[in-house]
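A.B. asks: Below are the structure tokens for one structure; questions will follow.
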Amino acid sequence: MNWQPTATRSALQHRQTVLRRVREYFYHQHVLEVETPLLMDQPVSDPFISSLKTNSGFLHTSPEYAMKRLLAAGYGDCWQYCKVFRGDERGQKHLPEFSMLEWYRVGFDLPMLIAEVIDLIRTAAQCHVAAVQRTYEQWFALATNGLNPHSATLAELQSLASEWIDVSDLDRNACLDILMTHVVEPSFDPAVISVVTDYPASQAALAVRSKDWQGHEVAQRFEVYWQGLELANGYLELTDADEQRARFEHDNEVRQQYQLPTVALDEKLLAAMAHGLPRSAGVALGFDRLLMAMLQASDIDQVVAFANR
């Protein structure tokens with residue numbers, strides 16, 4: 001039985017230093033540090049995220065719902081560093097238990113939050129990393145010789161995705177996900193912070209939807225990559241409780257299609273949104289992956305004291 005830690009003492013010292021820089025960053029930005037419960041009454045509704053069940057409930061996959069309840073109660077800008085849990089995730093970049101930074105900024109739009117994420121990464125790394133920002137459509141066009149992910153037919157997407165996987169049962173979003181991970185992401189310069197904006201509206205999750213300049217419906221969300229790693233996922237937050245309820249119900253319809261159990265809706269979050277969620281932007285950033293990028297580690301085990309296998 002291997003009882004020894006997976007990270008070196010030097011790596012853990014670096015982890016401590018980076019967390020101190022993050023904490024000081026938010027302190028000087030007057031963003032309130034909070035702690036919210038790890039246990040939830042029900043699992044997350046997203047059919048592609050697996051919640052871990054305990055005798056007392058479910059371990060959270062993100063502190064998002066609880067933090068939005070704080071926003072609705074008038075607590076203002078807030079952030080936290082916490083452990084989150086996701087089942088069926090294990091690999092060089094994944095652990096079932098990992099550390100996340102999540103924060104919400106009242107009154108921010110996406111450009112403001114993107115700028116803050118980049119600034120935080122540079123502060124944590126203590127160096128000026130170059131950054132480039134393009135839309136989802138622009139990144140796809142560059143990586144696929146002009147394919148438009150919004151207007152391409154399902155047959156066109158399946159044809160391209162079939163180079164990596166059997167596409168007979170894949171819908172549009174699944175094909176786009178395969179192309180993102182196998183074609184688009186590998187095209188990013190690892191030395192540069194790459195920002196992707198304007199995702200397809202079908203991938204909005206809890207983000208606002210809008211129209212781009214060409215009239216395509218898109219999600220007001222972004223993702224940030226560095227050193228070959230997806231680091232952060234941010235939204236212009238949906239504030240409409242009725243729309244949020246409809247999206248939760250749609251998640252359950254998708255779960256049924258995949259023969260997964262349906263889940264109870266988070267009525268506390270919906271009540272908070274009905275009370276009034278302020279216009280805000282929020283982002284989740286994988287702290288372990290940030291350390292991997294900074295240390296250019298090849299395996300997440302190298303930046304955590306012990307890796308649950």
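FYI, nothing fancy with the structure tokens labels: chains A, B, ... in order, residues from 1 per chain, ligands from 1 as they appear.
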Just asking: which residues within segment 18-79 of chain A are strand (DSSP E) according to DSSP, as a list in words?
C.D. replies: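 Residues meeting the strand (DSSP E) criterion: Leu32, Glu33, Leu39, Met40, Leu52, Lys53, Thr54, Gly57, Phe58, Leu59, Cys78 and Trp79 of chain A.
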A.B. asks: List as JSON, numbers by chain the protein and nucleic acid residues near segment 90-98 of chain A, meaning an atom at most 9 Å away when only C-alpha atoms are counted, but skip any in the same chain fewer than 3 places from it.
C.D. replies: {"A": [52, 82, 83, 84, 85, 86, 87, 229, 286, 287, 288, 289, 292, 298, 299, 300, 301, 304, 307, 308, 309]}
A.B. asks: Just the residues within 8 Å of segment 230-237 of chain A, please, counting only C-alpha atoms, with nothing from its chain fewer than 6 positions along; format it as a ChimeraX atom specification.
C.D. replies: /A:109-110,206-208,220-224,279-287,289-290
A.B. asks: Using N, CA and C atoms, can you write the selected residues to a file as a compact mmCIF listing (two decimals), in the first residue's frame?
C.D. replies:
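The result, stored in out.txt:
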```txt
# COMPACT_ATOMS: atom_id res chain seq x y z
N ASP A 109 -19.80 43.19 -16.35
CA ASP A 109 -20.15 42.50 -17.59
C ASP A 109 -19.03 41.50 -17.89
N LEU A 110 -19.16 40.75 -18.97
CA LEU A 110 -18.15 39.72 -19.25
C LEU A 110 -16.77 40.29 -19.55
N LEU A 206 -26.10 28.18 -16.97
CA LEU A 206 -26.77 29.21 -16.16
C LEU A 206 -26.41 30.62 -16.62
N ALA A 207 -26.05 30.76 -17.89
CA ALA A 207 -25.66 32.06 -18.43
C ALA A 207 -26.79 32.69 -19.24
N VAL A 208 -26.73 34.01 -19.38
CA VAL A 208 -27.66 34.76 -20.22
C VAL A 208 -27.44 34.40 -21.68
N GLN A 220 -23.78 34.03 -23.17
CA GLN A 220 -22.86 35.03 -22.61
C GLN A 220 -21.97 34.35 -21.56
N ARG A 221 -21.06 33.52 -22.05
CA ARG A 221 -20.14 32.80 -21.18
C ARG A 221 -18.78 32.74 -21.84
N PHE A 222 -17.76 32.45 -21.04
CA PHE A 222 -16.40 32.35 -21.58
C PHE A 222 -15.66 31.23 -20.87
N GLU A 223 -14.61 30.75 -21.51
CA GLU A 223 -13.69 29.81 -20.88
C GLU A 223 -12.27 30.29 -21.12
N VAL A 224 -11.40 29.96 -20.17
CA VAL A 224 -10.01 30.41 -20.20
C VAL A 224 -9.09 29.19 -20.18
N ARG A 279 -27.81 41.87 -11.28
CA ARG A 279 -27.03 41.64 -12.50
C ARG A 279 -25.58 41.45 -12.08
N SER A 280 -25.00 40.36 -12.48
CA SER A 280 -23.64 40.04 -12.03
C SER A 280 -22.99 39.07 -12.99
N ALA A 281 -21.68 38.94 -12.85
CA ALA A 281 -20.92 37.96 -13.62
C ALA A 281 -20.13 37.12 -12.63
N GLY A 282 -20.05 35.81 -12.91
CA GLY A 282 -19.35 34.91 -12.00
C GLY A 282 -18.49 33.93 -12.75
N VAL A 283 -17.49 33.40 -12.05
CA VAL A 283 -16.55 32.48 -12.70
C VAL A 283 -16.04 31.47 -11.69
N ALA A 284 -15.80 30.25 -12.18
CA ALA A 284 -15.16 29.19 -11.40
C ALA A 284 -13.82 28.89 -12.04
N LEU A 285 -12.78 28.83 -11.22
CA LEU A 285 -11.42 28.59 -11.72
C LEU A 285 -10.81 27.43 -10.94
N GLY A 286 -10.31 26.43 -11.65
CA GLY A 286 -9.71 25.28 -11.01
C GLY A 286 -8.35 25.62 -10.42
N PHE A 287 -8.26 25.61 -9.09
CA PHE A 287 -7.02 26.03 -8.43
C PHE A 287 -5.90 25.03 -8.68
N ARG A 289 -5.51 23.11 -11.25
CA ARG A 289 -5.06 23.27 -12.64
C ARG A 289 -4.24 24.55 -12.82
N LEU A 290 -4.60 25.60 -12.09
CA LEU A 290 -3.80 26.82 -12.14
C LEU A 290 -2.37 26.52 -11.70
```
A.B. asks: Give the answer as one residue: which of A:His128, A:Arg172, A:His250, A:His182 has the shortest atom-to-atom distance to Pro47 of chain A, using only C-alpha atoms?
C.D. replies: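 Ranked by minimum distance to Pro47 of chain A, first place goes to A:His250.
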A.B. asks: Any chance you could list, as JSON, numbers by chain, the residues in segment 8-173 of chain A that come up alpha helix (DSSP H) when DSSP is run on the backbone?
C.D. replies: {"A": [9, 10, 11, 12, 13, 14, 15, 16, 17, 18, 19, 20, 21, 22, 23, 24, 25, 26, 27, 28, 64, 65, 66, 67, 68, 69, 70, 71, 72, 110, 111, 112, 113, 114, 115, 116, 117, 118, 119, 120, 121, 122, 123, 124, 125, 136, 137, 138, 139, 140, 141, 142, 143, 154, 155, 156, 157, 158, 159, 160, 161, 172, 173]}
A.B. asks: Rounded to one decimal, what separation in Å do you get between atom CA of Asp198 of chain A and atom CA of Ser151 of chain A?
C.D. replies: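 Distance between the two atoms: 14.2 Å.
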A.B. asks: For Leu260 of chain A, which of A:Ile165, A:Ile49, A:Leu70, A:Val22 is the closest residue, counting only C-alpha atoms?
C.D. replies: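 Among the listed residues, the smallest separation from Leu260 of chain A belongs to A:Ile49.
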A.B. asks: When distances are computed from only C-alpha atoms, which of A:Met100, A:Val303, A:Leu179, A:Ala205 shows the smallest separation from Glu243 of chain A?
C.D. replies: A:Ala205
A.B. asks: Applying 12 Å and only C-alpha atoms, which residues near Arg23 of chain A remain after dropping the ones on its own chain fewer than 3 positions away? List them as a list in words.
C.D. replies: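 Listing them by chain and then by number gives Gln16, Thr17, Val18, Leu19, Arg20, Phe26, Tyr27, His28, Gln29, His30, Val31, Leu32, Glu33, Val34, Cys78, Trp79, Gln80, Tyr81, Leu101, Trp103, Leu120, Thr123 and Ala124 of chain A.
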A.B. asks: Using Å and a single decimal, report how far atom CA of Ala66 of chain A sits from atom CA of Ser45 of chain A.
C.D. replies: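 Computing it gives 14.8 Å between the two atoms.
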A.B. asks: Nearest residue to His150 of chain A out of A:Ala272, A:Leu176, A:Ala264, A:Ala246, using only C-alpha atoms?
C.D. replies: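 Closest residue, counting only C-alpha atoms: A:Leu176.
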A.B. asks: What does the distance from atom CA of Ala161 of chain A to atom CA of Ser194 of chain A come to in Å, to one decimal?
C.D. replies: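 About the pair atom CA of Ala161 of chain A and atom CA of Ser194 of chain A: they are 22.6 Å apart.
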A.B. asks: For each of A:Ser51, A:Ser187, A:Thr181, A:Thr197, take the minimum atom-to-atom distance to Arg134 of chain A, counting only C-alpha atoms, then give the residue where this is smallest.
C.D. replies: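 Of the candidates, the smallest distance to Arg134 of chain A is held by A:Thr197.
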A.B. asks: Between A:Lys268, A:Arg122, A:His275, A:Arg209, which is the closest to Ala293 of chain A once you count only C-alpha atoms?
C.D. replies: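 The shortest atom-to-atom distance to Ala293 of chain A comes from A:Arg122.
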